[in-house]
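Take a look at the structure set out below.
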Amino acid sequence: MSPGPGAPQSDELSELLARSEAAIARMRKREEHLAHGISHDLRAPLRAITGYAQVLVNQYEGALDAQARDYLGRIHDAAGRMEGLIEKLLQLSYVDRAPLRLERVDLGMLAEWSLAELQDLQPGPQADIDVQSDLWVQGDERQLKQLMDRLLHNAWTFSRSRDDIRIGVRGHREGGRLLVAVEDTGSGFDMRYADRVFVPFQRLHGSEQGGGDGLGLAIAQAIVERHDGRIWAESTPGVGSVFHIDLPAAHDSEDDDAHD
């Protein structure tokens, strides 16, 4: 069957495809240069600020009054927060650029790993943790570990001040997809603002309530979308939140290849 009037010919389609691939390659190269600049050129002055602030504290502590020491402490803390912000911006940029090695990955195992690390780094009240095993998806283990880190850090942060801390990870398969729910009994949020949850730098909680820089869930969404998945949230203030993930279920075979 021949193309209709005005339809692009095969050589025209090939040329369009080649141009698109070249444009994507240029965009990725620019992102790599930008990420490199952020990593080196922005971190250097931050290290200098932190270092000089520490020198003042160490060498002139006796000459500094309480207010001056407080200011230097604030400078040190602010530089540390900026360092963390730069690191997350680099992670967000890297999610879309990094090659994916697709293999069978157990999200349950990654969730247990993430929660163990959280409990070591942020010990606090005892929590009732329930993680379902054998949540097999097809994806890149490194990125999926980061996904669970982000979601469970969010659950842990907004649950720590509660008397009854419960965090659960459960899922089930529907055809070729695995539906996973990450639940917590944290502070929750108003669903009127649900469209802002995954937007970078958008915060639904203040710092005094555990709110961070607004990048953790943006990174989580980018990872899910990179895996041809979907993520959304349900929440009730004062009751808790559920983050739902829809990802490709693992193949039955072990024959997995590397993909870009």
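The way I read the labels, and the way they are meant: chains A, B, ... in the order of the structure tokens, residue 1 as the first residue of every chain, and ligand 1 as the first ligand shown, with later ones counted on from there.
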
Please report as JSON lines every residue of range 169-193 of chain A lying within 6 Å of range 223-240 of chain A, along with the nearest atom pair and their distance in Å (one decimal), using only C-alpha atoms.
```
{"residue": "A:Asp184", "atom": "CA", "partner": "A:Gly240", "partner_atom": "CA", "distance": 5.4}
{"residue": "A:Thr185", "atom": "CA", "partner": "A:Gly240", "partner_atom": "CA", "distance": 4.1}
{"residue": "A:Gly186", "atom": "CA", "partner": "A:Gly240", "partner_atom": "CA", "distance": 4.4}
{"residue": "A:Ser187", "atom": "CA", "partner": "A:Gly238", "partner_atom": "CA", "distance": 4.7}
{"residue": "A:Gly188", "atom": "CA", "partner": "A:Pro237", "partner_atom": "CA", "distance": 4.3}
{"residue": "A:Phe189", "atom": "CA", "partner": "A:Pro237", "partner_atom": "CA", "distance": 4.8}
{"residue": "A:Asp190", "atom": "CA", "partner": "A:Pro237", "partner_atom": "CA", "distance": 5.9}
```

Give me the residues near Leu135 in chain A as an mmCIF file with all heavy atoms, in the first residue's frame, where near means some atom within 10 Å (using only C-alpha atoms) and where sequence neighbours in that chain fewer than 3 positions away do not count.
```
data_model
loop_
_atom_site.group_PDB
_atom_site.id
_atom_site.type_symbol
_atom_site.label_atom_id
_atom_site.label_comp_id
_atom_site.auth_asym_id
_atom_site.auth_seq_id
_atom_site.Cartn_x
_atom_site.Cartn_y
_atom_site.Cartn_z
ATOM 1 N N ARG A 104 15.776 -8.488 36.720
ATOM 2 C CA ARG A 104 14.777 -8.794 37.744
ATOM 3 C C ARG A 104 15.229 -8.200 39.077
ATOM 4 O O ARG A 104 16.324 -8.488 39.544
ATOM 5 C CB ARG A 104 14.596 -10.307 37.882
ATOM 6 C CG ARG A 104 13.858 -10.961 36.725
ATOM 7 C CD ARG A 104 13.940 -12.470 36.801
ATOM 8 N NE ARG A 104 13.524 -12.989 38.100
ATOM 9 C CZ ARG A 104 12.261 -13.281 38.417
ATOM 10 N NH1 ARG A 104 11.298 -13.105 37.535
ATOM 11 N NH2 ARG A 104 11.951 -13.778 39.595
ATOM 12 N N VAL A 105 14.374 -7.377 39.671
ATOM 13 C CA VAL A 105 14.722 -6.708 40.923
ATOM 14 C C VAL A 105 13.565 -6.889 41.902
ATOM 15 O O VAL A 105 12.398 -6.695 41.548
ATOM 16 C CB VAL A 105 14.979 -5.203 40.696
ATOM 17 C CG1 VAL A 105 15.311 -4.513 42.008
ATOM 18 C CG2 VAL A 105 16.106 -4.988 39.686
ATOM 19 N N ASP A 106 13.897 -7.243 43.140
ATOM 20 C CA ASP A 106 12.893 -7.402 44.187
ATOM 21 C C ASP A 106 12.778 -6.093 44.970
ATOM 22 O O ASP A 106 13.664 -5.761 45.767
ATOM 23 C CB ASP A 106 13.281 -8.550 45.116
ATOM 24 C CG ASP A 106 12.246 -8.814 46.205
ATOM 25 O OD1 ASP A 106 11.195 -8.136 46.203
ATOM 26 O OD2 ASP A 106 12.494 -9.688 47.051
ATOM 27 N N LEU A 107 11.693 -5.350 44.730
ATOM 28 C CA LEU A 107 11.498 -4.084 45.446
ATOM 29 C C LEU A 107 11.362 -4.303 46.948
ATOM 30 O O LEU A 107 11.720 -3.419 47.741
ATOM 31 C CB LEU A 107 10.253 -3.372 44.920
ATOM 32 C CG LEU A 107 10.368 -2.573 43.628
ATOM 33 C CD1 LEU A 107 9.058 -1.836 43.362
ATOM 34 C CD2 LEU A 107 11.522 -1.591 43.667
ATOM 35 N N GLY A 108 10.839 -5.447 47.353
ATOM 36 C CA GLY A 108 10.720 -5.734 48.779
ATOM 37 C C GLY A 108 12.081 -5.773 49.453
ATOM 38 O O GLY A 108 12.267 -5.216 50.547
ATOM 39 N N MET A 109 13.038 -6.443 48.813
ATOM 40 C CA MET A 109 14.386 -6.506 49.367
ATOM 41 C C MET A 109 15.007 -5.117 49.445
ATOM 42 O O MET A 109 15.640 -4.754 50.440
ATOM 43 C CB MET A 109 15.252 -7.432 48.516
ATOM 44 C CG MET A 109 16.674 -7.624 49.021
ATOM 45 S SD MET A 109 17.845 -6.360 48.402
ATOM 46 C CE MET A 109 17.899 -6.806 46.672
ATOM 47 N N LEU A 110 14.818 -4.313 48.379
ATOM 48 C CA LEU A 110 15.364 -2.951 48.385
ATOM 49 C C LEU A 110 14.711 -2.102 49.477
ATOM 50 O O LEU A 110 15.377 -1.275 50.103
ATOM 51 C CB LEU A 110 15.150 -2.301 47.020
ATOM 52 C CG LEU A 110 15.867 -2.948 45.823
ATOM 53 C CD1 LEU A 110 15.616 -2.131 44.556
ATOM 54 C CD2 LEU A 110 17.360 -3.076 46.083
ATOM 55 N N ALA A 111 13.421 -2.298 49.712
ATOM 56 C CA ALA A 111 12.724 -1.551 50.762
ATOM 57 C C ALA A 111 13.281 -1.896 52.138
ATOM 58 O O ALA A 111 13.512 -1.004 52.978
ATOM 59 C CB ALA A 111 11.227 -1.830 50.707
ATOM 60 N N VAL A 131 7.018 -5.269 55.327
ATOM 61 C CA VAL A 131 7.450 -5.227 53.924
ATOM 62 C C VAL A 131 7.170 -6.579 53.285
ATOM 63 O O VAL A 131 7.653 -7.611 53.749
ATOM 64 C CB VAL A 131 8.954 -4.890 53.803
ATOM 65 C CG1 VAL A 131 9.380 -4.924 52.345
ATOM 66 C CG2 VAL A 131 9.247 -3.529 54.414
ATOM 67 N N GLN A 132 6.399 -6.569 52.226
ATOM 68 C CA GLN A 132 6.090 -7.796 51.495
ATOM 69 C C GLN A 132 7.299 -8.226 50.670
ATOM 70 O O GLN A 132 7.985 -7.400 50.063
ATOM 71 C CB GLN A 132 4.878 -7.554 50.584
ATOM 72 C CG GLN A 132 4.418 -8.770 49.812
ATOM 73 C CD GLN A 132 3.183 -8.457 48.962
ATOM 74 O OE1 GLN A 132 2.408 -7.572 49.285
ATOM 75 N NE2 GLN A 132 3.025 -9.198 47.870
ATOM 76 N N VAL A 169 5.050 -1.769 52.921
ATOM 77 C CA VAL A 169 5.296 -1.848 51.479
ATOM 78 C C VAL A 169 4.662 -3.147 51.000
ATOM 79 O O VAL A 169 5.048 -4.230 51.441
ATOM 80 C CB VAL A 169 6.804 -1.837 51.155
ATOM 81 C CG1 VAL A 169 7.013 -1.922 49.646
ATOM 82 C CG2 VAL A 169 7.477 -0.595 51.721
ATOM 83 N N ARG A 170 3.677 -3.046 50.146
ATOM 84 C CA ARG A 170 2.972 -4.235 49.666
ATOM 85 C C ARG A 170 2.677 -4.067 48.171
ATOM 86 O O ARG A 170 2.730 -2.942 47.652
ATOM 87 C CB ARG A 170 1.669 -4.446 50.444
ATOM 88 C CG ARG A 170 0.738 -3.250 50.395
ATOM 89 C CD ARG A 170 -0.510 -3.452 51.248
ATOM 90 N NE ARG A 170 -1.344 -2.252 51.266
ATOM 91 C CZ ARG A 170 -2.176 -1.889 50.315
ATOM 92 N NH1 ARG A 170 -2.274 -2.639 49.216
ATOM 93 N NH2 ARG A 170 -2.897 -0.792 50.405
ATOM 94 N N GLY A 171 2.367 -5.152 47.499
ATOM 95 C CA GLY A 171 2.077 -5.049 46.074
ATOM 96 C C GLY A 171 1.412 -6.291 45.529
ATOM 97 O O GLY A 171 1.333 -7.327 46.194
ATOM 98 N N HIS A 172 0.939 -6.177 44.298
ATOM 99 C CA HIS A 172 0.359 -7.326 43.616
ATOM 100 C C HIS A 172 0.514 -7.120 42.122
ATOM 101 O O HIS A 172 0.633 -6.000 41.635
ATOM 102 C CB HIS A 172 -1.127 -7.493 43.971
ATOM 103 C CG HIS A 172 -1.991 -6.369 43.498
ATOM 104 N ND1 HIS A 172 -2.095 -5.164 44.169
ATOM 105 C CD2 HIS A 172 -2.792 -6.249 42.397
ATOM 106 C CE1 HIS A 172 -2.926 -4.364 43.532
ATOM 107 N NE2 HIS A 172 -3.357 -4.994 42.440
ATOM 108 N N ARG A 173 0.480 -8.237 41.413
ATOM 109 C CA ARG A 173 0.676 -8.204 39.966
ATOM 110 C C ARG A 173 -0.655 -8.171 39.250
ATOM 111 O O ARG A 173 -1.606 -8.870 39.622
ATOM 112 C CB ARG A 173 1.482 -9.426 39.526
ATOM 113 C CG ARG A 173 1.818 -9.454 38.048
ATOM 114 C CD ARG A 173 2.920 -10.437 37.752
ATOM 115 N NE ARG A 173 3.218 -10.504 36.327
ATOM 116 C CZ ARG A 173 4.320 -11.037 35.817
ATOM 117 N NH1 ARG A 173 5.229 -11.553 36.629
ATOM 118 N NH2 ARG A 173 4.533 -11.060 34.524
ATOM 119 N N LEU A 178 3.289 -4.500 37.945
ATOM 120 C CA LEU A 178 3.291 -4.706 39.393
ATOM 121 C C LEU A 178 2.854 -3.399 40.044
ATOM 122 O O LEU A 178 3.453 -2.346 39.805
ATOM 123 C CB LEU A 178 4.677 -5.102 39.902
ATOM 124 C CG LEU A 178 4.684 -5.528 41.376
ATOM 125 C CD1 LEU A 178 4.094 -6.930 41.523
ATOM 126 C CD2 LEU A 178 6.089 -5.486 41.969
ATOM 127 N N LEU A 179 1.817 -3.472 40.853
ATOM 128 C CA LEU A 179 1.306 -2.307 41.569
ATOM 129 C C LEU A 179 1.781 -2.386 43.008
ATOM 130 O O LEU A 179 1.489 -3.356 43.719
ATOM 131 C CB LEU A 179 -0.216 -2.263 41.505
ATOM 132 C CG LEU A 179 -0.829 -2.270 40.102
ATOM 133 C CD1 LEU A 179 -2.352 -2.182 40.177
ATOM 134 C CD2 LEU A 179 -0.278 -1.117 39.271
ATOM 135 N N VAL A 180 2.508 -1.376 43.430
ATOM 136 C CA VAL A 180 3.113 -1.348 44.763
ATOM 137 C C VAL A 180 2.599 -0.141 45.520
ATOM 138 O O VAL A 180 2.432 0.943 44.950
ATOM 139 C CB VAL A 180 4.657 -1.294 44.669
ATOM 140 C CG1 VAL A 180 5.285 -1.221 46.055
ATOM 141 C CG2 VAL A 180 5.193 -2.502 43.917
ATOM 142 N N ALA A 249 6.241 -5.509 35.536
ATOM 143 C CA ALA A 249 6.567 -6.700 36.320
ATOM 144 C C ALA A 249 7.763 -7.408 35.695
ATOM 145 O O ALA A 249 8.038 -7.276 34.497
ATOM 146 C CB ALA A 249 5.362 -7.636 36.378
ATOM 147 N N ALA A 250 8.485 -8.146 36.520
ATOM 148 C CA ALA A 250 9.677 -8.842 36.041
ATOM 149 C C ALA A 250 9.311 -9.905 35.024
ATOM 150 O O ALA A 250 8.254 -10.542 35.102
ATOM 151 C CB ALA A 250 10.418 -9.474 37.211
#
```

Got a sec: who's within 12 Å of range 116-119 of chain A, counting only C-alpha atoms, leaving out chain neighbours fewer than 2 positions off, as a CSV table (one decimal) with N, CA and C atoms, in the first residue's frame?
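The file below, part-v2.csv, is the result:
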```csv
chain,number,residue,atom,x,y,z
A,109,MET,N,13.0,-6.4,48.8
A,109,MET,CA,14.4,-6.5,49.4
A,109,MET,C,15.0,-5.1,49.4
A,110,LEU,N,14.8,-4.3,48.4
A,110,LEU,CA,15.4,-3.0,48.4
A,110,LEU,C,14.7,-2.1,49.5
A,111,ALA,N,13.4,-2.3,49.7
A,111,ALA,CA,12.7,-1.6,50.8
A,111,ALA,C,13.3,-1.9,52.1
A,112,GLU,N,13.5,-3.2,52.4
A,112,GLU,CA,14.1,-3.6,53.7
A,112,GLU,C,15.5,-3.0,53.9
A,113,TRP,N,16.2,-3.0,52.8
A,113,TRP,CA,17.6,-2.4,52.9
A,113,TRP,C,17.5,-0.9,53.2
A,114,SER,N,16.6,-0.2,52.5
A,114,SER,CA,16.5,1.3,52.7
A,114,SER,C,16.0,1.6,54.2
A,121,LEU,N,20.7,5.5,60.6
A,121,LEU,CA,21.0,6.9,60.5
A,121,LEU,C,20.1,7.8,61.4
A,122,GLN,N,18.9,7.4,61.6
A,122,GLN,CA,17.9,8.3,62.3
A,122,GLN,C,17.2,7.4,63.4
A,123,PRO,N,17.9,6.9,64.4
A,123,PRO,CA,17.3,6.1,65.4
A,123,PRO,C,16.2,6.9,66.1
A,124,GLY,N,15.1,6.3,66.5
A,124,GLY,CA,14.0,7.0,67.1
A,124,GLY,C,13.1,5.9,67.7
A,125,PRO,N,11.8,6.3,67.8
A,125,PRO,CA,10.9,5.4,68.4
A,125,PRO,C,10.8,4.1,67.6
A,126,GLN,N,10.3,3.0,68.2
A,126,GLN,CA,10.1,1.8,67.5
A,126,GLN,C,9.0,1.9,66.5
A,127,ALA,N,9.2,1.3,65.4
A,127,ALA,CA,8.2,1.4,64.3
A,127,ALA,C,7.7,0.0,63.9
A,129,ILE,N,7.0,-2.1,61.1
A,129,ILE,CA,7.4,-2.2,59.7
A,129,ILE,C,6.9,-3.5,59.0
A,131,VAL,N,7.0,-5.3,55.3
A,131,VAL,CA,7.4,-5.2,53.9
A,131,VAL,C,7.2,-6.6,53.3
A,145,LYS,N,16.7,1.2,43.8
A,145,LYS,CA,17.1,1.4,45.3
A,145,LYS,C,16.9,2.9,45.7
A,148,MET,N,13.3,3.6,46.3
A,148,MET,CA,12.8,3.2,47.6
A,148,MET,C,13.4,4.1,48.7
A,149,ASP,N,14.6,4.5,48.5
A,149,ASP,CA,15.3,5.4,49.5
A,149,ASP,C,14.4,6.7,49.6
A,150,ARG,N,14.0,7.3,48.5
A,150,ARG,CA,13.3,8.5,48.6
A,150,ARG,C,11.9,8.4,49.2
A,151,LEU,N,11.2,7.3,48.8
A,151,LEU,CA,9.8,7.1,49.3
A,151,LEU,C,9.8,6.8,50.7
A,152,LEU,N,10.7,5.9,51.2
A,152,LEU,CA,10.8,5.5,52.6
A,152,LEU,C,11.4,6.6,53.5
A,153,HIS,N,12.3,7.4,53.0
A,153,HIS,CA,12.8,8.5,53.7
A,153,HIS,C,11.6,9.5,54.0
A,154,ASN,N,10.8,9.7,53.0
A,154,ASN,CA,9.6,10.6,53.1
A,154,ASN,C,8.7,10.0,54.2
A,155,ALA,N,8.4,8.7,54.1
A,155,ALA,CA,7.5,8.1,55.1
A,155,ALA,C,8.1,8.2,56.5
A,156,TRP,N,9.4,7.9,56.6
A,156,TRP,CA,10.0,7.9,57.9
A,156,TRP,C,10.1,9.3,58.5
A,157,THR,N,10.4,10.3,57.7
A,157,THR,CA,10.5,11.7,58.2
A,157,THR,C,9.2,12.2,58.7
A,160,ARG,N,8.0,10.1,62.2
A,160,ARG,CA,8.9,9.9,63.4
A,160,ARG,C,8.3,10.6,64.7
```

Identify which of the residues A:Ala78, A:Leu85, A:Val242, A:Leu13 lies closest to Phe201 in chain A, counting only C-alpha atoms when measuring atom-to-atom distances.
-> A:Leu85

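Comparing A:Arg177, A:Arg69, A:Lys88, A:Arg101 by their smallest distance to Gly139 in chain A, the closest is A:Arg101 (using only C-alpha atoms).
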
Residue list (strand (DSSP E or B), DSSP) for range 114-201 of chain A, as a list of chain:residue names =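 Residues meeting the strand (DSSP E or B) criterion: A:Asp128, A:Ile129, A:Asp130, A:Val131, A:Trp136, A:Val137, A:Gln138, A:Gly139, A:Arg166, A:Ile167, A:Gly168, A:Val169, A:Arg170, A:Gly171, A:His172, A:Arg173, A:Glu174, A:Arg177, A:Leu178, A:Leu179, A:Val180, A:Ala181, A:Val182, A:Glu183, A:Asp184.
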
Need to verify the contact set: Glu83 in chain A, 12 Å, only C-alpha atoms, exclusion of same-chain residues closer than 2 positions in sequence. Can you return it as a PDB file with N, CA and C atoms, in the first residue's frame?
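Done, and the output landed in selection-v8.pdb:
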```
ATOM      1  N   ILE A  38      28.013  22.129  37.761  1.00  0.00           N
ATOM      2  CA  ILE A  38      27.373  22.208  39.075  1.00  0.00           C
ATOM      3  C   ILE A  38      28.197  21.463  40.110  1.00  0.00           C
ATOM      4  N   SER A  39      28.645  20.283  39.736  1.00  0.00           N
ATOM      5  CA  SER A  39      29.368  19.445  40.683  1.00  0.00           C
ATOM      6  C   SER A  39      30.671  20.084  41.147  1.00  0.00           C
ATOM      7  N   HIS A  40      31.402  20.698  40.217  1.00  0.00           N
ATOM      8  CA  HIS A  40      32.723  21.223  40.559  1.00  0.00           C
ATOM      9  C   HIS A  40      32.708  22.724  40.886  1.00  0.00           C
ATOM     10  N   LEU A  42      30.247  24.868  41.623  1.00  0.00           N
ATOM     11  CA  LEU A  42      29.408  25.337  42.728  1.00  0.00           C
ATOM     12  C   LEU A  42      29.866  24.768  44.064  1.00  0.00           C
ATOM     13  N   ARG A  43      30.399  23.577  44.037  1.00  0.00           N
ATOM     14  CA  ARG A  43      30.822  22.969  45.298  1.00  0.00           C
ATOM     15  C   ARG A  43      32.091  23.618  45.851  1.00  0.00           C
ATOM     16  N   ALA A  44      32.967  24.078  44.969  1.00  0.00           N
ATOM     17  CA  ALA A  44      34.229  24.673  45.426  1.00  0.00           C
ATOM     18  C   ALA A  44      34.005  25.871  46.356  1.00  0.00           C
ATOM     19  N   PRO A  45      33.195  26.882  45.991  1.00  0.00           N
ATOM     20  CA  PRO A  45      32.980  27.984  46.927  1.00  0.00           C
ATOM     21  C   PRO A  45      32.257  27.560  48.203  1.00  0.00           C
ATOM     22  N   LEU A  46      31.400  26.559  48.123  1.00  0.00           N
ATOM     23  CA  LEU A  46      30.747  26.073  49.333  1.00  0.00           C
ATOM     24  C   LEU A  46      31.752  25.465  50.298  1.00  0.00           C
ATOM     25  N   ARG A  47      32.692  24.697  49.753  1.00  0.00           N
ATOM     26  CA  ARG A  47      33.738  24.126  50.605  1.00  0.00           C
ATOM     27  C   ARG A  47      34.577  25.225  51.242  1.00  0.00           C
ATOM     28  N   ALA A  48      34.825  26.295  50.484  1.00  0.00           N
ATOM     29  CA  ALA A  48      35.597  27.411  51.033  1.00  0.00           C
ATOM     30  C   ALA A  48      34.834  28.094  52.165  1.00  0.00           C
ATOM     31  N   ILE A  49      33.537  28.330  51.978  1.00  0.00           N
ATOM     32  CA  ILE A  49      32.725  28.959  53.017  1.00  0.00           C
ATOM     33  C   ILE A  49      32.736  28.115  54.287  1.00  0.00           C
ATOM     34  N   THR A  50      32.501  26.816  54.120  1.00  0.00           N
ATOM     35  CA  THR A  50      32.486  25.921  55.274  1.00  0.00           C
ATOM     36  C   THR A  50      33.842  25.892  55.964  1.00  0.00           C
ATOM     37  N   HIS A  76      27.646  27.606  58.590  1.00  0.00           N
ATOM     38  CA  HIS A  76      28.062  26.223  58.371  1.00  0.00           C
ATOM     39  C   HIS A  76      26.868  25.350  58.000  1.00  0.00           C
ATOM     40  N   ASP A  77      25.752  25.498  58.710  1.00  0.00           N
ATOM     41  CA  ASP A  77      24.564  24.688  58.436  1.00  0.00           C
ATOM     42  C   ASP A  77      23.966  25.009  57.059  1.00  0.00           C
ATOM     43  N   ALA A  78      23.940  26.300  56.718  1.00  0.00           N
ATOM     44  CA  ALA A  78      23.384  26.701  55.423  1.00  0.00           C
ATOM     45  C   ALA A  78      24.217  26.148  54.271  1.00  0.00           C
ATOM     46  N   ALA A  79      25.543  26.173  54.434  1.00  0.00           N
ATOM     47  CA  ALA A  79      26.413  25.610  53.393  1.00  0.00           C
ATOM     48  C   ALA A  79      26.193  24.112  53.262  1.00  0.00           C
ATOM     49  N   GLY A  80      25.975  23.441  54.398  1.00  0.00           N
ATOM     50  CA  GLY A  80      25.704  22.009  54.354  1.00  0.00           C
ATOM     51  C   GLY A  80      24.393  21.696  53.642  1.00  0.00           C
ATOM     52  N   ARG A  81      23.367  22.527  53.884  1.00  0.00           N
ATOM     53  CA  ARG A  81      22.091  22.316  53.196  1.00  0.00           C
ATOM     54  C   ARG A  81      22.239  22.558  51.698  1.00  0.00           C
ATOM     55  N   LEU A  85      21.527  20.086  48.562  1.00  0.00           N
ATOM     56  CA  LEU A  85      20.663  20.482  47.454  1.00  0.00           C
ATOM     57  C   LEU A  85      21.356  20.240  46.109  1.00  0.00           C
ATOM     58  N   ILE A  86      22.623  20.576  46.031  1.00  0.00           N
ATOM     59  CA  ILE A  86      23.387  20.342  44.805  1.00  0.00           C
ATOM     60  C   ILE A  86      23.445  18.851  44.488  1.00  0.00           C
ATOM     61  N   GLU A  87      23.662  18.031  45.515  1.00  0.00           N
ATOM     62  CA  GLU A  87      23.729  16.589  45.312  1.00  0.00           C
ATOM     63  C   GLU A  87      22.417  16.056  44.749  1.00  0.00           C
ATOM     64  N   LYS A  88      21.286  16.530  45.261  1.00  0.00           N
ATOM     65  CA  LYS A  88      19.993  16.055  44.763  1.00  0.00           C
ATOM     66  C   LYS A  88      19.719  16.562  43.351  1.00  0.00           C
ATOM     67  N   LEU A  89      20.134  17.780  43.044  1.00  0.00           N
ATOM     68  CA  LEU A  89      19.972  18.277  41.678  1.00  0.00           C
ATOM     69  C   LEU A  89      20.767  17.422  40.696  1.00  0.00           C
ATOM     70  N   LEU A  90      21.959  17.011  41.096  1.00  0.00           N
ATOM     71  CA  LEU A  90      22.758  16.137  40.243  1.00  0.00           C
ATOM     72  C   LEU A  90      22.087  14.776  40.075  1.00  0.00           C
ATOM     73  N   ASP A 213      13.760  19.867  50.909  1.00  0.00           N
ATOM     74  CA  ASP A 213      13.991  20.785  49.803  1.00  0.00           C
ATOM     75  C   ASP A 213      13.029  20.566  48.642  1.00  0.00           C
TER      76      ASP A 213
END
```

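The gap separating CA of Arg192 in chain A from CA of Leu147 in chain A is 24.5 Å, in Å to one decimal.
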
Correct to one decimal, the distance CA of Leu247 in chain A-CA of Asp134 in chain A is 14.2 Å
